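First up is the structure itself, then whatever we jot down about it.
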Amino acid sequence: MVMVRKNSQAGVPFQVAVIGAGASGTLVTAQFRKLAPNRRLALIGNAPRPARGVAYESPYRANLLNVAAGNMSAFPDNKNHFVDWIKDRLADTDAGTFAPRTLYGEYLANILDEASHQTENIEYISDTAVGLSRQKDFWIVRLENGSSLAAYSVVLAFGNLLAPSDPIDFSAVKANYWRNPWDPDVALRLDSDAPVLLIGTGLTMVDVALSLREMDHRGPIHAISRHGRLYQSHKPYQARPLPELPKEFKSPVGALHWIRQQVRTAKQTGSDWRAVIDSLRPHTAMIWQSWNLHQRASFLRHARNLWDIHRHRMSPEVSDQLSIFIEDRTLVIHRGRLVSAIQNGQNADVTWKDTDSGDLHTLNVARIVNCTGPSRDYSNIQSPLIAGLRAAGWIVPDALRLGFETDSDGRFIAANGQPAQGLFTLGPVRIPALWESIAIPEIRNQALALAELLVSEMVETQVSA
């Protein structure tokens, strides 16, 4: 259990305040504790169970990680850390195991527990940050309970803070609609034969479908998305490294042409398309950064779905279960878009338009779950903390509404175009700068680099003083 301490040095500034106690906040806290055990850090969060965040809070054992255990270590310099930890908790585990998400949440909580117990300089503050302002050399964090604290540097570890956006107006069916697919109760209090509609056909849809089945739901499940595509699964393959980036990647059109050509070649030579996609992983940030705003927007409109379903894959076990659901028609995939939702008794009638035929169809369902993934648009979010920072010009949503503008080190770019002194972030908020910034393999590297930067800036300040 995370140790909650009263501020034993009231009025003395923290070296770092981390706002957000999910996976991202936990990893940067753990790294800072390793590098600067004698420096004080405040970790601020309001979740009942810190460290897990949205992604790893699921209580359902059927929800598995989408990355094998061998690549889920919290620490870049100890690749077997998670595998070694999980062996004592899950039978027959190795680096290729796709562990339950809830177990990974326990792993992160254990890391935070160790960090907070090994030194009195890590202080977990169970509260909500509602304001942040700059005063001289410090940031002042205002808390919901009316108190405040000062810190030289602040890390905004928002993670997947925002719920999915509503594709249509669901106000007429509020009792049937679940905007948050990660709510622990999403699969509860539902008749076993009740029909369900899942909006989206990605990995979140798969998690909710499996959660329903784990709770003995046996009714029909409908899933709908514009393309109706399912994500691919992991499969062993022979890696084919890509030392240099081909010239075709100067544009999204050229990149797509190169990928398709390489996939055809791989198929002809008995290789696997996964080797082609994964060979690009070390280069994705460079590719994204080389494209202008128009090119990025074009990629998002025309190729994002194709990229996502091949780049982000489900475990083989989950893929097998999904195939069974589809074969026995307990899960039906629709290709179309929603039009309207109205009340019909205790159920909801949801009308949708078929992408191919243009025909309208209506589904009568007891529950509607939005599985389209977290929103990334912070431009109109009215939470006091974000709205205040946005209004003051300290943080700026990017033009494509994927997160916030940041520099190469994770500093926020202020409205004046300059890096905001001592104000950092990591994880999904950095998608506009990096594109690939949502998975643990990326976030753990960012956490280490950010902790090193915080320590180096701390040393530079001491020397200059």
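Order determines the names: the first chain of the structure tokens is A, the second B, and so forth; residues in each chain are numbered 1 upward, and ligands are numbered 1 upward as they are shown.
Residues in contact range of Thr93 (chain A), defined as at most 12 Å between only C-alpha atoms, with sequence neighbours fewer than 5 positions away removed, read Ala68, Ala69, Gly70, Phe82, Val83, Asp84, Trp85, Ile86, Lys87, Asp88, Phe98, Ala99 and Pro100 of chain A.
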So that each row is one residue of region 237-299 of chain A with an atom at most 9 Å from region 400-419 of chain A, can you give its shortest atom pair and the distance in Å to one decimal, using only C-alpha atoms, rows by chain and rising number, as a tab-separated table?
```
residue	atom	partner	partner_atom	distance
A:Leu293	CA	A:Leu400	CA	8.1
A:Arg296	CA	A:Leu400	CA	8.4
A:Ala297	CA	A:Leu400	CA	7.0
```
Give me the region 420-452 of chain A side of the contact with region 148-159 of chain A, cut-off 9 Å, one line per residue showing its nearest atom pair and distance in Å at one decimal, counting only C-alpha atoms, sorted by chain and residue number, as CSV.
```
residue,atom,partner,partner_atom,distance
A:Gln421,CA,A:Ser153,CA,8.0
A:Gly422,CA,A:Ser153,CA,4.4
A:Leu423,CA,A:Val154,CA,5.1
A:Phe424,CA,A:Val155,CA,4.6
A:Thr425,CA,A:Leu156,CA,4.9
A:Leu426,CA,A:Ala157,CA,6.2
A:Gly427,CA,A:Gly159,CA,6.1
A:Pro428,CA,A:Gly159,CA,5.8
A:Val429,CA,A:Gly159,CA,7.0
A:Ile438,CA,A:Gly159,CA,8.2
```
Go ahead and dump the residues you just picked, N, CA and C atoms, as a PDB file, in the first residue's frame.
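Printed below is result_31.pdb as written:
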```pdb
ATOM      1  N   GLN A 421       9.563  26.824 -18.591  1.00  0.00           N
ATOM      2  CA  GLN A 421      10.618  26.451 -17.646  1.00  0.00           C
ATOM      3  C   GLN A 421      10.078  25.554 -16.546  1.00  0.00           C
ATOM      4  N   GLY A 422      10.679  24.374 -16.421  1.00  0.00           N
ATOM      5  CA  GLY A 422      10.341  23.476 -15.325  1.00  0.00           C
ATOM      6  C   GLY A 422       8.988  22.813 -15.429  1.00  0.00           C
ATOM      7  N   LEU A 423       8.380  22.783 -16.623  1.00  0.00           N
ATOM      8  CA  LEU A 423       7.060  22.161 -16.789  1.00  0.00           C
ATOM      9  C   LEU A 423       7.150  21.078 -17.859  1.00  0.00           C
ATOM     10  N   PHE A 424       6.987  19.816 -17.444  1.00  0.00           N
ATOM     11  CA  PHE A 424       7.263  18.665 -18.303  1.00  0.00           C
ATOM     12  C   PHE A 424       6.060  17.730 -18.385  1.00  0.00           C
ATOM     13  N   THR A 425       6.157  16.807 -19.326  1.00  0.00           N
ATOM     14  CA  THR A 425       5.165  15.741 -19.418  1.00  0.00           C
ATOM     15  C   THR A 425       5.810  14.518 -20.055  1.00  0.00           C
ATOM     16  N   LEU A 426       5.049  13.436 -20.085  1.00  0.00           N
ATOM     17  CA  LEU A 426       5.471  12.197 -20.750  1.00  0.00           C
ATOM     18  C   LEU A 426       4.235  11.389 -21.091  1.00  0.00           C
ATOM     19  N   GLY A 427       4.433  10.355 -21.901  1.00  0.00           N
ATOM     20  CA  GLY A 427       3.318   9.487 -22.247  1.00  0.00           C
ATOM     21  C   GLY A 427       2.424  10.032 -23.343  1.00  0.00           C
ATOM     22  N   PRO A 428       1.126   9.685 -23.319  1.00  0.00           N
ATOM     23  CA  PRO A 428       0.211  10.014 -24.424  1.00  0.00           C
ATOM     24  C   PRO A 428       0.142  11.486 -24.799  1.00  0.00           C
ATOM     25  N   VAL A 429       0.376  12.385 -23.843  1.00  0.00           N
ATOM     26  CA  VAL A 429       0.330  13.816 -24.138  1.00  0.00           C
ATOM     27  C   VAL A 429       1.377  14.203 -25.192  1.00  0.00           C
ATOM     28  N   ILE A 438       2.360   5.812 -26.358  1.00  0.00           N
ATOM     29  CA  ILE A 438       1.286   5.331 -25.479  1.00  0.00           C
ATOM     30  C   ILE A 438       1.608   4.010 -24.796  1.00  0.00           C
TER      31      ILE A 438
END
```
Per residue of region 61-127 of chain A within 12 Å of region 185-209 of chain A, what are the shortest atom pair and its distance in Å to one decimal, counting only C-alpha atoms, with rows by chain and residue number, as a tab-separated table?
```
residue	atom	partner	partner_atom	distance
A:Arg61	CA	A:Asp207	CA	10.1
A:Ala62	CA	A:Asp207	CA	7.6
A:Asn63	CA	A:Asp207	CA	5.4
A:Leu64	CA	A:Asp207	CA	8.0
A:Leu65	CA	A:Asp207	CA	10.0
A:Asn66	CA	A:Leu203	CA	8.6
A:Pro100	CA	A:Asp207	CA	11.0
A:Arg101	CA	A:Asp207	CA	10.1
```
File of the preceding selection, N, CA, C and O atoms, as an mmCIF file, in the first residue's frame:
```
data_model
loop_
_atom_site.group_PDB
_atom_site.id
_atom_site.type_symbol
_atom_site.label_atom_id
_atom_site.label_comp_id
_atom_site.auth_asym_id
_atom_site.auth_seq_id
_atom_site.Cartn_x
_atom_site.Cartn_y
_atom_site.Cartn_z
ATOM 1 N N ARG A 61 -9.882 -10.657 -15.322
ATOM 2 C CA ARG A 61 -8.702 -11.462 -15.652
ATOM 3 C C ARG A 61 -8.616 -11.764 -17.144
ATOM 4 O O ARG A 61 -7.540 -12.072 -17.656
ATOM 5 N N ALA A 62 -9.729 -11.667 -17.857
ATOM 6 C CA ALA A 62 -9.723 -11.952 -19.294
ATOM 7 C C ALA A 62 -9.043 -10.850 -20.095
ATOM 8 O O ALA A 62 -8.678 -11.064 -21.251
ATOM 9 N N ASN A 63 -8.884 -9.672 -19.494
ATOM 10 C CA ASN A 63 -8.226 -8.562 -20.196
ATOM 11 C C ASN A 63 -6.719 -8.730 -20.088
ATOM 12 O O ASN A 63 -6.123 -8.508 -19.029
ATOM 13 N N LEU A 64 -6.088 -9.118 -21.184
ATOM 14 C CA LEU A 64 -4.654 -9.388 -21.191
ATOM 15 C C LEU A 64 -3.881 -8.213 -21.769
ATOM 16 O O LEU A 64 -4.418 -7.394 -22.520
ATOM 17 N N LEU A 65 -2.609 -8.142 -21.414
ATOM 18 C CA LEU A 65 -1.717 -7.155 -22.024
ATOM 19 C C LEU A 65 -1.615 -7.429 -23.521
ATOM 20 O O LEU A 65 -1.716 -8.582 -23.963
ATOM 21 N N ASN A 66 -1.363 -6.382 -24.282
ATOM 22 C CA ASN A 66 -1.174 -6.534 -25.728
ATOM 23 C C ASN A 66 0.298 -6.652 -26.109
ATOM 24 O O ASN A 66 0.623 -6.713 -27.300
ATOM 25 N N PRO A 100 -2.405 -10.934 -17.453
ATOM 26 C CA PRO A 100 -3.607 -10.125 -17.216
ATOM 27 C C PRO A 100 -3.248 -8.679 -16.884
ATOM 28 O O PRO A 100 -2.274 -8.411 -16.175
ATOM 29 N N ARG A 101 -4.041 -7.741 -17.397
ATOM 30 C CA ARG A 101 -3.801 -6.323 -17.129
ATOM 31 C C ARG A 101 -3.846 -6.019 -15.631
ATOM 32 O O ARG A 101 -3.077 -5.202 -15.131
#
```
Could you tell me how far CA of Ser233 (chain A) lies from CA of Asp308 (chain A), in Å and to one decimal?
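CA of Asp308 (chain A) lies at a distance of 11.9 Å from CA of Ser233 (chain A).
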Nearest to Met314 (chain A): which of A:Arg229, A:Arg49, A:Arg218, A:His234 is it, counting only C-alpha atoms?
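Selected residue with least distance to Met314 (chain A): A:His234.
Separating CA of Asn71 (chain A) from CA of Glu114 (chain A) is a distance of 21.3 Å.
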According to DSSP computed on the backbone, where in region 300-350 of chain A is there strand (DSSP E)? Give the residues as a ChimeraX atom specification.
/A:331-344,347-350
Serialized selection, C-alpha atoms, as a compact mmCIF listing (two decimals), in the first residue's frame:
```
# COMPACT_ATOMS: atom_id res chain seq x y z
CA LEU A 331 -20.18 -11.18 -31.72
CA VAL A 332 -21.25 -9.48 -34.94
CA ILE A 333 -19.01 -6.88 -36.58
CA HIS A 334 -20.74 -4.07 -38.50
CA ARG A 335 -19.13 -1.65 -40.93
CA GLY A 336 -20.90 1.68 -40.68
CA ARG A 337 -21.57 4.78 -38.61
CA LEU A 338 -24.13 5.64 -35.96
CA VAL A 339 -27.01 7.93 -36.84
CA SER A 340 -29.26 8.19 -33.78
CA ALA A 341 -30.23 6.63 -30.47
CA ILE A 342 -33.71 6.77 -28.89
CA GLN A 343 -35.36 5.10 -25.90
CA ASN A 344 -37.52 2.04 -26.47
CA ASN A 347 -33.69 -0.65 -24.08
CA ALA A 348 -32.32 1.72 -26.72
CA ASP A 349 -32.93 1.69 -30.46
CA VAL A 350 -29.69 2.63 -32.21
```
Residues near Gln31 (chain A), anyone? I mean within 9 Å using only C-alpha atoms, not counting same-chain ones fewer than 2 positions away, as a ChimeraX atom specification.
/A:26-29,33-36,75,115,447-448,450-452
Output for the residues just chosen: C-alpha atoms as a CSV table (one decimal), in the first residue's frame:
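Written out: again.csv:
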```csv
chain,number,residue,atom,x,y,z
A,26,THR,CA,4.7,6.0,-11.2
A,27,LEU,CA,7.6,5.3,-13.6
A,28,VAL,CA,9.1,8.8,-13.5
A,29,THR,CA,8.7,8.8,-9.7
A,33,ARG,CA,14.0,8.1,-6.6
A,34,LYS,CA,16.8,5.9,-8.0
A,35,LEU,CA,18.8,8.8,-9.3
A,36,ALA,CA,18.2,11.3,-6.5
A,75,PHE,CA,12.9,-0.3,-16.3
A,115,ALA,CA,9.8,3.8,-4.1
A,447,ALA,CA,10.5,8.3,-17.7
A,448,LEU,CA,14.2,7.5,-17.4
A,450,LEU,CA,13.0,12.8,-17.9
A,451,ALA,CA,14.3,11.8,-14.5
A,452,GLU,CA,17.9,12.2,-15.8
```
Any chance you could list, as a PyMOL selection string, the residues in region 15-259 of chain A that come up alpha helix (DSSP H) when DSSP is run on the backbone?
chain A and resi 23-35+81-87+101-117+203-214+252-259
